[in-house]
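Containing compact mmCIF, C-alpha atoms and all ligand atoms: data.txt.
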```
# COMPACT_ATOMS: atom_id res chain seq x y z
CA MET Y 1280 -114.73 -4.77 -72.15
CA LYS Y 1281 -116.37 -1.75 -70.50
CA ARG Y 1282 -114.26 -0.20 -67.74
CA GLU Y 1283 -116.92 -0.74 -65.06
CA ILE Y 1284 -117.16 -4.45 -65.89
CA LYS Y 1285 -113.39 -4.84 -65.96
CA GLU Y 1286 -113.21 -3.29 -62.48
CA LEU Y 1287 -115.79 -5.77 -61.15
CA VAL Y 1288 -113.91 -8.69 -62.74
CA ASP Y 1289 -110.63 -7.40 -61.26
CA ARG Y 1290 -112.26 -7.47 -57.81
CA GLY Y 1291 -113.79 -10.93 -58.32
CA GLU Y 1292 -117.31 -9.50 -58.13
CA MET Y 1293 -117.87 -10.71 -61.65
CA LEU Y 1294 -116.18 -13.78 -63.19
CA PRO Y 1295 -115.84 -15.03 -66.78
CA LEU Y 1296 -118.18 -17.99 -66.52
CA MET Y 1297 -117.57 -20.75 -69.06
CA GLU Y 1298 -120.06 -23.36 -67.89
CA GLU Y 1299 -121.67 -24.81 -64.78
CA PHE Y 1300 -123.11 -28.26 -64.27
CA TYR Y 1301 -124.36 -30.63 -61.61
CA THR Y 1302 -122.49 -33.94 -61.82
CA ILE Y 1303 -120.42 -36.42 -59.85
CA GLN Y 1304 -116.87 -35.44 -58.91
CA GLY Y 1305 -114.96 -37.86 -61.13
CA GLU Y 1306 -111.44 -37.45 -59.74
CA GLY Y 1307 -109.38 -37.61 -56.60
CA TYR Y 1308 -110.44 -37.79 -52.96
CA PHE Y 1309 -114.13 -36.89 -53.53
CA LYS Y 1310 -114.56 -39.17 -56.54
CA GLY Y 1311 -118.13 -40.45 -56.55
CA THR Y 1312 -119.61 -37.49 -54.66
CA ALA Y 1313 -122.36 -35.41 -56.26
CA ALA Y 1314 -121.21 -31.81 -56.71
CA TYR Y 1315 -122.08 -28.67 -58.65
CA PHE Y 1316 -119.19 -27.47 -60.86
CA ILE Y 1317 -118.48 -23.85 -61.72
CA ARG Y 1318 -115.96 -23.54 -64.57
CA VAL Y 1319 -114.31 -20.13 -64.72
CA GLY Y 1320 -112.60 -19.09 -67.97
CA GLY Y 1321 -108.97 -17.97 -68.32
CA CYS Y 1322 -105.73 -19.95 -68.09
CA ASP Y 1323 -102.19 -19.29 -69.29
CA VAL Y 1324 -100.48 -22.37 -67.84
CA GLY Y 1325 -100.50 -24.03 -71.27
CA CYS Y 1326 -100.67 -27.80 -70.63
CA HIS Y 1327 -100.44 -29.32 -74.13
CA TRP Y 1328 -102.80 -32.15 -73.10
CA CYS Y 1329 -105.37 -29.94 -71.34
CA ASP Y 1330 -108.87 -31.37 -71.79
CA VAL Y 1331 -110.58 -27.93 -71.64
CA LYS Y 1332 -108.52 -25.72 -73.96
CA GLU Y 1333 -111.74 -23.81 -74.79
CA SER Y 1334 -111.45 -22.35 -71.29
CA TRP Y 1335 -108.11 -20.62 -71.88
CA ASP Y 1336 -109.27 -17.35 -73.46
CA ALA Y 1337 -111.18 -15.50 -70.73
CA ASN Y 1338 -112.56 -13.05 -73.33
CA LEU Y 1339 -114.70 -15.82 -74.80
CA HIS Y 1340 -116.62 -16.27 -71.55
CA PRO Y 1341 -119.19 -13.73 -70.36
CA PRO Y 1342 -118.46 -11.74 -67.21
CA THR Y 1343 -121.14 -12.93 -64.79
CA LYS Y 1344 -122.12 -11.57 -61.37
CA THR Y 1345 -120.43 -13.65 -58.70
CA ASP Y 1346 -123.41 -13.40 -56.35
CA SER Y 1347 -125.79 -14.85 -58.93
CA ILE Y 1348 -123.32 -17.67 -59.71
CA ALA Y 1349 -123.28 -18.58 -55.99
CA GLU Y 1350 -127.03 -18.13 -55.53
CA ASN Y 1351 -127.71 -20.54 -58.41
CA ALA Y 1352 -125.03 -23.10 -57.47
CA ALA Y 1353 -126.25 -23.45 -53.89
CA LYS Y 1354 -129.68 -24.55 -55.19
CA TYR Y 1355 -128.15 -27.72 -56.64
CA SER Y 1356 -125.72 -29.11 -54.11
CA ASP Y 1357 -124.05 -28.63 -50.74
CA THR Y 1358 -120.67 -29.24 -52.44
CA ILE Y 1359 -119.47 -26.74 -55.01
CA VAL Y 1360 -116.33 -27.40 -57.08
CA VAL Y 1361 -114.73 -24.33 -58.61
CA THR Y 1362 -112.54 -25.18 -61.58
CA GLY Y 1363 -111.47 -23.71 -64.90
CA GLY Y 1364 -109.45 -22.60 -66.66
CA GLU Y 1365 -107.34 -21.53 -63.70
CA PRO Y 1366 -109.66 -20.13 -61.02
CA LEU Y 1367 -106.81 -18.57 -59.03
CA MET Y 1368 -106.18 -16.11 -61.89
CA TRP Y 1369 -109.15 -14.27 -60.33
CA ASP Y 1370 -109.88 -13.03 -56.82
CA MET Y 1371 -111.86 -15.94 -55.36
CA ASN Y 1372 -112.75 -14.14 -52.08
CA PRO Y 1373 -116.15 -12.80 -53.23
CA LEU Y 1374 -117.22 -16.15 -54.73
CA THR Y 1375 -116.25 -18.28 -51.73
CA LYS Y 1376 -117.80 -15.74 -49.33
CA ALA Y 1377 -121.07 -15.83 -51.27
CA LEU Y 1378 -121.00 -19.65 -51.24
CA LYS Y 1379 -120.10 -19.88 -47.54
CA ASP Y 1380 -122.88 -17.40 -46.68
CA ARG Y 1381 -125.22 -19.97 -48.22
CA GLY Y 1382 -123.78 -22.79 -46.10
CA VAL Y 1383 -122.21 -24.88 -48.85
CA LYS Y 1384 -118.77 -26.50 -48.99
CA THR Y 1385 -116.19 -24.91 -51.27
CA HIS Y 1386 -113.75 -27.05 -53.25
CA ILE Y 1387 -111.19 -25.84 -55.79
CA GLU Y 1388 -109.28 -27.52 -58.60
CA THR Y 1389 -106.10 -25.52 -59.22
CA SER Y 1390 -102.62 -25.61 -60.68
CA GLY Y 1391 -101.55 -23.40 -57.77
CA ALA Y 1392 -99.68 -21.07 -60.10
CA TYR Y 1393 -101.34 -17.92 -58.75
CA GLU Y 1394 -101.86 -16.31 -55.34
CA LEU Y 1395 -104.24 -18.29 -53.16
CA THR Y 1396 -107.45 -16.33 -52.66
CA GLY Y 1397 -110.76 -17.63 -51.30
CA ASP Y 1398 -111.97 -19.58 -48.27
CA TRP Y 1399 -111.74 -23.26 -49.21
CA ASP Y 1400 -112.91 -26.43 -47.49
CA TRP Y 1401 -110.88 -28.50 -49.94
CA ILE Y 1402 -107.96 -27.62 -52.19
CA CYS Y 1403 -106.98 -30.04 -54.94
CA LEU Y 1404 -103.56 -28.98 -56.23
CA SER Y 1405 -102.61 -30.36 -59.65
CA PRO Y 1406 -99.13 -28.94 -60.25
CA LYS Y 1407 -97.79 -28.22 -63.73
CA LYS Y 1408 -94.15 -28.06 -64.88
CA THR Y 1409 -94.82 -25.08 -67.17
CA LYS Y 1410 -95.87 -22.81 -64.25
CA LEU Y 1411 -95.00 -24.24 -60.85
CA PRO Y 1412 -97.26 -23.83 -57.80
CA LEU Y 1413 -96.61 -21.08 -55.27
CA GLN Y 1414 -95.36 -22.29 -51.89
CA GLU Y 1415 -98.52 -21.02 -50.14
CA VAL Y 1416 -100.63 -23.38 -52.26
CA HIS Y 1417 -98.33 -26.35 -51.61
CA LYS Y 1418 -98.74 -25.72 -47.88
CA ALA Y 1419 -102.54 -25.32 -48.01
CA ALA Y 1420 -103.34 -28.26 -50.35
CA HIS Y 1421 -105.50 -31.08 -48.98
CA GLU Y 1422 -104.91 -33.23 -52.04
CA LEU Y 1423 -102.04 -33.36 -54.56
CA LYS Y 1424 -103.06 -34.77 -57.94
CA VAL Y 1425 -100.15 -35.20 -60.35
CA ILE Y 1426 -100.96 -35.99 -63.99
CA VAL Y 1427 -98.81 -38.76 -65.46
CA TYR Y 1428 -98.15 -38.26 -69.17
CA ASN Y 1429 -94.75 -39.98 -69.31
CA LYS Y 1430 -92.18 -41.71 -67.07
CA HIS Y 1431 -90.53 -38.43 -66.06
CA ASP Y 1432 -93.73 -37.47 -64.30
CA PHE Y 1433 -92.98 -39.91 -61.45
CA LYS Y 1434 -89.90 -37.85 -60.60
CA PHE Y 1435 -91.91 -34.63 -60.86
CA ALA Y 1436 -94.57 -36.17 -58.60
CA GLU Y 1437 -91.99 -36.91 -55.89
CA GLU Y 1438 -90.55 -33.37 -56.13
CA GLN Y 1439 -94.06 -31.99 -55.67
CA ALA Y 1440 -94.90 -34.37 -52.80
CA ALA Y 1441 -91.81 -33.11 -50.94
CA GLN Y 1442 -93.36 -29.62 -50.89
CA VAL Y 1443 -96.87 -30.31 -49.56
CA GLY Y 1444 -97.93 -30.70 -45.92
CA GLU Y 1445 -97.74 -34.01 -44.07
CA ASP Y 1446 -101.49 -34.70 -44.21
CA CYS Y 1447 -101.88 -33.95 -47.91
CA ILE Y 1448 -103.29 -36.97 -49.76
CA LEU Y 1449 -101.21 -37.98 -52.78
CA PHE Y 1450 -102.75 -39.03 -56.11
CA LEU Y 1451 -101.35 -39.99 -59.49
CA GLN Y 1452 -103.80 -39.55 -62.39
CA PRO Y 1453 -103.09 -40.75 -65.92
CA GLU Y 1454 -103.27 -38.21 -68.73
CA TRP Y 1455 -106.35 -39.39 -70.62
CA SER Y 1456 -104.76 -40.02 -74.05
CA LYS Y 1457 -101.82 -41.92 -72.49
CA LYS Y 1458 -103.78 -43.97 -69.98
CA ASP Y 1459 -103.42 -47.38 -71.67
CA GLU Y 1460 -99.65 -46.96 -71.76
CA MET Y 1461 -99.22 -45.31 -68.34
CA ILE Y 1462 -101.72 -47.16 -66.12
CA PRO Y 1463 -99.61 -50.37 -65.91
CA LEU Y 1464 -96.54 -48.33 -64.90
CA MET Y 1465 -98.61 -46.35 -62.39
CA VAL Y 1466 -100.06 -49.51 -60.83
CA GLU Y 1467 -96.56 -50.86 -60.35
CA TYR Y 1468 -95.39 -47.50 -58.96
CA VAL Y 1469 -98.24 -47.24 -56.44
CA MET Y 1470 -97.67 -50.82 -55.21
CA LYS Y 1471 -93.97 -50.00 -54.67
CA ASN Y 1472 -94.72 -46.55 -53.22
CA PRO Y 1473 -98.01 -46.91 -51.36
CA LYS Y 1474 -98.05 -43.34 -50.05
CA TRP Y 1475 -99.53 -42.66 -53.53
CA LYS Y 1476 -103.09 -43.54 -54.58
CA MET Y 1477 -104.51 -43.91 -58.08
CA SER Y 1478 -107.01 -41.39 -59.42
CA LEU Y 1479 -108.86 -41.96 -62.71
CA GLN Y 1480 -111.13 -39.55 -64.57
CA THR Y 1481 -114.14 -41.73 -63.79
CA HIS Y 1482 -116.66 -39.24 -65.28
CA LYS Y 1483 -115.16 -39.95 -68.70
CA TYR Y 1484 -115.82 -43.68 -68.27
CA MET Y 1485 -119.40 -42.86 -67.18
CA ASN Y 1486 -119.95 -40.44 -70.09
CA ILE Y 1487 -121.08 -37.65 -67.79
CA PRO Y 1488 -119.79 -34.03 -67.67
C1 LIG O 1501 -108.94 -28.71 -66.50
S1 LIG O 1501 -108.12 -28.55 -64.96
C2 LIG O 1501 -108.78 -26.98 -64.34
C3 LIG O 1501 -108.23 -26.58 -63.00
C4 LIG O 1501 -106.76 -26.12 -62.96
N1 LIG O 1501 -106.40 -25.34 -64.09
C5 LIG O 1501 -105.86 -27.33 -62.83
O1 LIG O 1501 -105.17 -27.67 -63.79
O2 LIG O 1501 -105.87 -27.94 -61.75
C6 LIG O 1501 -108.95 -29.76 -63.91
C7 LIG O 1501 -108.20 -31.03 -63.65
O3 LIG O 1501 -108.13 -31.79 -64.84
C8 LIG O 1501 -106.83 -32.32 -64.98
N2 LIG O 1501 -106.64 -32.62 -66.39
C9 LIG O 1501 -106.72 -31.73 -67.42
N3 LIG O 1501 -106.52 -32.35 -68.60
C10 LIG O 1501 -106.31 -33.67 -68.33
C11 LIG O 1501 -106.03 -34.81 -69.13
N4 LIG O 1501 -105.91 -34.74 -70.45
N5 LIG O 1501 -105.90 -36.02 -68.50
C12 LIG O 1501 -106.00 -36.10 -67.15
N6 LIG O 1501 -106.26 -35.05 -66.34
C13 LIG O 1501 -106.40 -33.84 -66.91
C14 LIG O 1501 -105.97 -31.20 -64.41
O4 LIG O 1501 -104.66 -31.62 -64.08
C15 LIG O 1501 -106.77 -30.81 -63.20
O5 LIG O 1501 -106.48 -31.68 -62.12
N1 LIG O 1502 -117.23 -35.05 -63.31
C1 LIG O 1502 -116.15 -34.25 -63.35
N2 LIG O 1502 -115.25 -34.32 -62.36
C2 LIG O 1502 -114.20 -33.45 -62.41
N3 LIG O 1502 -113.21 -33.31 -61.52
C3 LIG O 1502 -112.41 -32.30 -61.91
C4 LIG O 1502 -112.90 -31.78 -63.10
C5 LIG O 1502 -112.38 -30.55 -63.72
O1 LIG O 1502 -112.45 -30.37 -64.93
O2 LIG O 1502 -111.88 -29.73 -62.95
C6 LIG O 1502 -114.03 -32.52 -63.45
C7 LIG O 1502 -114.98 -32.51 -64.52
O3 LIG O 1502 -114.87 -31.78 -65.53
N4 LIG O 1502 -116.01 -33.39 -64.41
S1 LIG O 1503 -103.58 -25.49 -65.75
FE1 LIG O 1503 -105.51 -26.63 -65.85
S2 LIG O 1503 -106.85 -25.46 -67.25
FE2 LIG O 1503 -104.79 -24.63 -67.45
S3 LIG O 1503 -103.98 -25.68 -69.23
FE3 LIG O 1503 -103.35 -26.90 -67.44
S4 LIG O 1503 -104.98 -28.42 -67.10
FE4 LIG O 1503 -105.78 -26.87 -68.53
MG MG O 1504 -112.46 -31.95 -66.35
```
This structure in structure tokens:
Amino acid sequence: MKREIKELVDRGEMLPLMEEFYTIQGEGYFKGTAAYFIRVGGCDVGCHWCDVKESWDANLHPPTKTDSIAENAAKYSDTIVVTGGEPLMWDMNPLTKALKDRGVKTHIETSGAYELTGDWDWICLSPKKTKLPLQEVHKAAHELKVIVYNKHDFKFAEEQAAQVGEDCILFLQPEWSKKDEMIPLMVEYVMKNPKWKMSLQTHKYMNIP
């Protein structure tokens, strides 16, 4: 990469853009709400069941001017979801400022494994055992969404819930390939522990992005 471009990416003024699409938020608290998604490339958290492994290598995704990403996104929706890859690998201040200047709401999907940058209306923290969230992200999260791949994930979910703020909304979401096995256990768990709510990847049932 040219030095000038690398400097802009380092400052968050350009971002490796993998894809962007207008859809319905499929997961968590805003499930069912129309939103424009910006998927930023780059992630080294390494979830073996990740459903967007193509996002991991940032070099495969073209550095794109942050201002033009925001300008375009704001044409589609008043709710913008920034996801990845791991968006917090990059400085999110320029992107969220450009979005806020255009009067839209900023949501992020993050593992919380990197420093919290950006001005967010909604933070969905989905913690991962391979690279745990930073305390600042635990404290700022509006929603905790723990992926359940096996029985041990209930214990992990409780450990994570102990670290978020009091008002943080707690979700369990089945890992897609294990959902038939895990959903019955999760239903039982949520009925016994009603501070948790179920989240499903409803966009996959609807066959939308
Ligand atoms: C692809 S990640 C990108 C954002 C960020 N890296 C993160 O993990 O939160 C978006 C959301 O999808 C979830 N996810 C990824 N693969 C999944 C799978 N196979 N089944 C269920 N949820 C999955 C993640 O936990 C996260 O909540
Ligand atoms: N419809 C839809 N909802 C989503 N919620 C979180 C997603 C993500 O990949 O971050 C996602 C996604 O990829 N599609
Ligand atoms: S942190 Fe997110 S993008 Fe990265 S591997 Fe895990 S699920 Fe995929
Ligand atoms: Mg997804």
For chain Y versus ligand LIG 1503 (chain O), which residues have an atom no more than 8 Å away, and what is each residue's nearest atom pair and distance in Å rounded to one decimal, using all atoms listed in the file, chain-then-number order, as a Markdown table?
```
| residue | atom | partner | partner_atom | distance |
| --- | --- | --- | --- | --- |
| Y:Gly1321 | CA | O:LIG1503 | S2 | 7.9 |
| Y:Cys1322 | CA | O:LIG1503 | FE2 | 4.8 |
| Y:Asp1323 | CA | O:LIG1503 | FE2 | 6.2 |
| Y:Val1324 | CA | O:LIG1503 | S1 | 4.9 |
| Y:Gly1325 | CA | O:LIG1503 | S3 | 4.4 |
| Y:Cys1326 | CA | O:LIG1503 | S3 | 4.2 |
| Y:His1327 | CA | O:LIG1503 | S3 | 7.1 |
| Y:Trp1328 | CA | O:LIG1503 | S4 | 7.4 |
| Y:Cys1329 | CA | O:LIG1503 | FE4 | 4.2 |
| Y:Asp1330 | CA | O:LIG1503 | FE4 | 6.4 |
| Y:Val1331 | CA | O:LIG1503 | FE4 | 5.8 |
| Y:Lys1332 | CA | O:LIG1503 | FE4 | 6.2 |
| Y:Ser1334 | CA | O:LIG1503 | S2 | 6.9 |
| Y:Trp1335 | CA | O:LIG1503 | S2 | 6.8 |
| Y:Gly1363 | CA | O:LIG1503 | S2 | 5.5 |
| Y:Gly1364 | CA | O:LIG1503 | S2 | 3.9 |
| Y:Glu1365 | CA | O:LIG1503 | S2 | 5.3 |
| Y:Thr1389 | CA | O:LIG1503 | FE1 | 6.7 |
| Y:Ser1390 | CA | O:LIG1503 | S1 | 5.2 |
| Y:Ser1405 | CA | O:LIG1503 | FE1 | 7.8 |
| Y:Pro1406 | CA | O:LIG1503 | S1 | 7.9 |
| Y:Lys1407 | CA | O:LIG1503 | S1 | 6.7 |
```
Write to file, as a short mmCIF file (atom, residue, chain, number, x, y, z; two decimals), keeping the file's coordinate frame, the residues of the selection just made, with C-alpha atoms.
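Contents of selection_38.cif, as written:
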```
data_model
loop_
_atom_site.label_atom_id
_atom_site.label_comp_id
_atom_site.auth_asym_id
_atom_site.auth_seq_id
_atom_site.Cartn_x
_atom_site.Cartn_y
_atom_site.Cartn_z
CA GLY Y 1321 -108.97 -17.97 -68.32
CA CYS Y 1322 -105.73 -19.95 -68.09
CA ASP Y 1323 -102.19 -19.29 -69.29
CA VAL Y 1324 -100.48 -22.37 -67.84
CA GLY Y 1325 -100.50 -24.03 -71.27
CA CYS Y 1326 -100.67 -27.80 -70.63
CA HIS Y 1327 -100.44 -29.32 -74.13
CA TRP Y 1328 -102.80 -32.15 -73.10
CA CYS Y 1329 -105.37 -29.94 -71.34
CA ASP Y 1330 -108.87 -31.37 -71.79
CA VAL Y 1331 -110.58 -27.93 -71.64
CA LYS Y 1332 -108.52 -25.72 -73.96
CA SER Y 1334 -111.45 -22.35 -71.29
CA TRP Y 1335 -108.11 -20.62 -71.88
CA GLY Y 1363 -111.47 -23.71 -64.90
CA GLY Y 1364 -109.45 -22.60 -66.66
CA GLU Y 1365 -107.34 -21.53 -63.70
CA THR Y 1389 -106.10 -25.52 -59.22
CA SER Y 1390 -102.62 -25.61 -60.68
CA SER Y 1405 -102.61 -30.36 -59.65
CA PRO Y 1406 -99.13 -28.94 -60.25
CA LYS Y 1407 -97.79 -28.22 -63.73
#
```
If we count all atoms listed in the file and set the cut-off at 8 Å, which residues sit around Ala1314 of chain Y, ignoring sequence neighbours fewer than 2 positions away in its own chain? Please answer as a list in words. Tyr1301, Thr1302, Ile1303, Gln1304, Thr1312, Phe1316, Ser1356, Asp1357, Thr1358, Ile1359 and Val1360 of chain Y
Got a sec: who's within 9 Å of Gly1391 of chain Y, counting only C-alpha atoms, leaving out chain neighbours fewer than 3 positions off, as a list in words?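 That gives Glu1365, Leu1367, Glu1388, Glu1394, Leu1395, Leu1404, Ser1405, Pro1406, Lys1407, Lys1410, Leu1411, Pro1412, Leu1413, Gln1414, Glu1415, Val1416 and His1417 of chain Y.
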Grab the residues selected above and save them as an mmCIF file, keeping the file's coordinate frame with C-alpha atoms.
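out08.cif, freshly written:
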```cif
data_model
loop_
_atom_site.group_PDB
_atom_site.id
_atom_site.type_symbol
_atom_site.label_atom_id
_atom_site.label_comp_id
_atom_site.auth_asym_id
_atom_site.auth_seq_id
_atom_site.Cartn_x
_atom_site.Cartn_y
_atom_site.Cartn_z
ATOM 1 C CA GLU Y 1365 -107.340 -21.530 -63.700
ATOM 2 C CA LEU Y 1367 -106.810 -18.570 -59.030
ATOM 3 C CA GLU Y 1388 -109.280 -27.520 -58.600
ATOM 4 C CA GLU Y 1394 -101.860 -16.310 -55.340
ATOM 5 C CA LEU Y 1395 -104.240 -18.290 -53.160
ATOM 6 C CA LEU Y 1404 -103.560 -28.980 -56.230
ATOM 7 C CA SER Y 1405 -102.610 -30.360 -59.650
ATOM 8 C CA PRO Y 1406 -99.130 -28.940 -60.250
ATOM 9 C CA LYS Y 1407 -97.790 -28.220 -63.730
ATOM 10 C CA LYS Y 1410 -95.870 -22.810 -64.250
ATOM 11 C CA LEU Y 1411 -95.000 -24.240 -60.850
ATOM 12 C CA PRO Y 1412 -97.260 -23.830 -57.800
ATOM 13 C CA LEU Y 1413 -96.610 -21.080 -55.270
ATOM 14 C CA GLN Y 1414 -95.360 -22.290 -51.890
ATOM 15 C CA GLU Y 1415 -98.520 -21.020 -50.140
ATOM 16 C CA VAL Y 1416 -100.630 -23.380 -52.260
ATOM 17 C CA HIS Y 1417 -98.330 -26.350 -51.610
#
```
Between atom CA of Trp1455 of chain Y and atom CA of Trp1401 of chain Y, measure the distance and give it in Å to one decimal.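 So the answer is 23.8 Å.
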By how many Å are atom C5 of ligand LIG 1502 (chain O) and atom CA of Phe1300 of chain Y apart?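 So the answer is 11.0 Å.
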Between atom O4 of ligand LIG 1501 (chain O) and atom CA of Gln1480 of chain Y, distance in Å (one decimal):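 Between atom O4 of ligand LIG 1501 (chain O) and atom CA of Gln1480 of chain Y the gap is 10.2 Å.
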Using all atoms listed in the file, can you tell me which of Y:Ala1313, Y:Ala1419, Y:Val1443, Y:Ala1337 comes closest to Lys1285 of chain Y?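 Smallest distance to Lys1285 of chain Y is found for Y:Ala1337.
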Tell me, as a compact mmCIF listing (two decimals) with C-alpha atoms, keeping the file's coordinate frame, which residues lie within 9 Å of segment 1376-1381 of chain Y, counting all atoms listed in the file; anything in the same chain fewer than 5 positions away does not count.
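Ended up saving to selection-v3.txt:
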```txt
# COMPACT_ATOMS: atom_id res chain seq x y z
CA THR Y 1345 -120.43 -13.65 -58.70
CA ASP Y 1346 -123.41 -13.40 -56.35
CA ILE Y 1348 -123.32 -17.67 -59.71
CA ALA Y 1349 -123.28 -18.58 -55.99
CA GLU Y 1350 -127.03 -18.13 -55.53
CA ALA Y 1352 -125.03 -23.10 -57.47
CA ALA Y 1353 -126.25 -23.45 -53.89
CA ILE Y 1359 -119.47 -26.74 -55.01
CA MET Y 1371 -111.86 -15.94 -55.36
CA GLY Y 1397 -110.76 -17.63 -51.30
CA ASP Y 1398 -111.97 -19.58 -48.27
```
Which of Y:His1482, Y:Lys1457, Y:Lys1281, Y:His1386 sits closest to Ala1420 of chain Y [using only C-alpha atoms]: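 The answer is Y:His1386, which sits nearest to Ala1420 of chain Y.
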When you count all atoms listed in the file, which of these residues is closest to Trp1399 of chain Y: Y:Tyr1428, Y:Val1361, Y:Lys1434, Y:Lys1418?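 Among the listed residues, Y:Val1361 lies closest to Trp1399 of chain Y.
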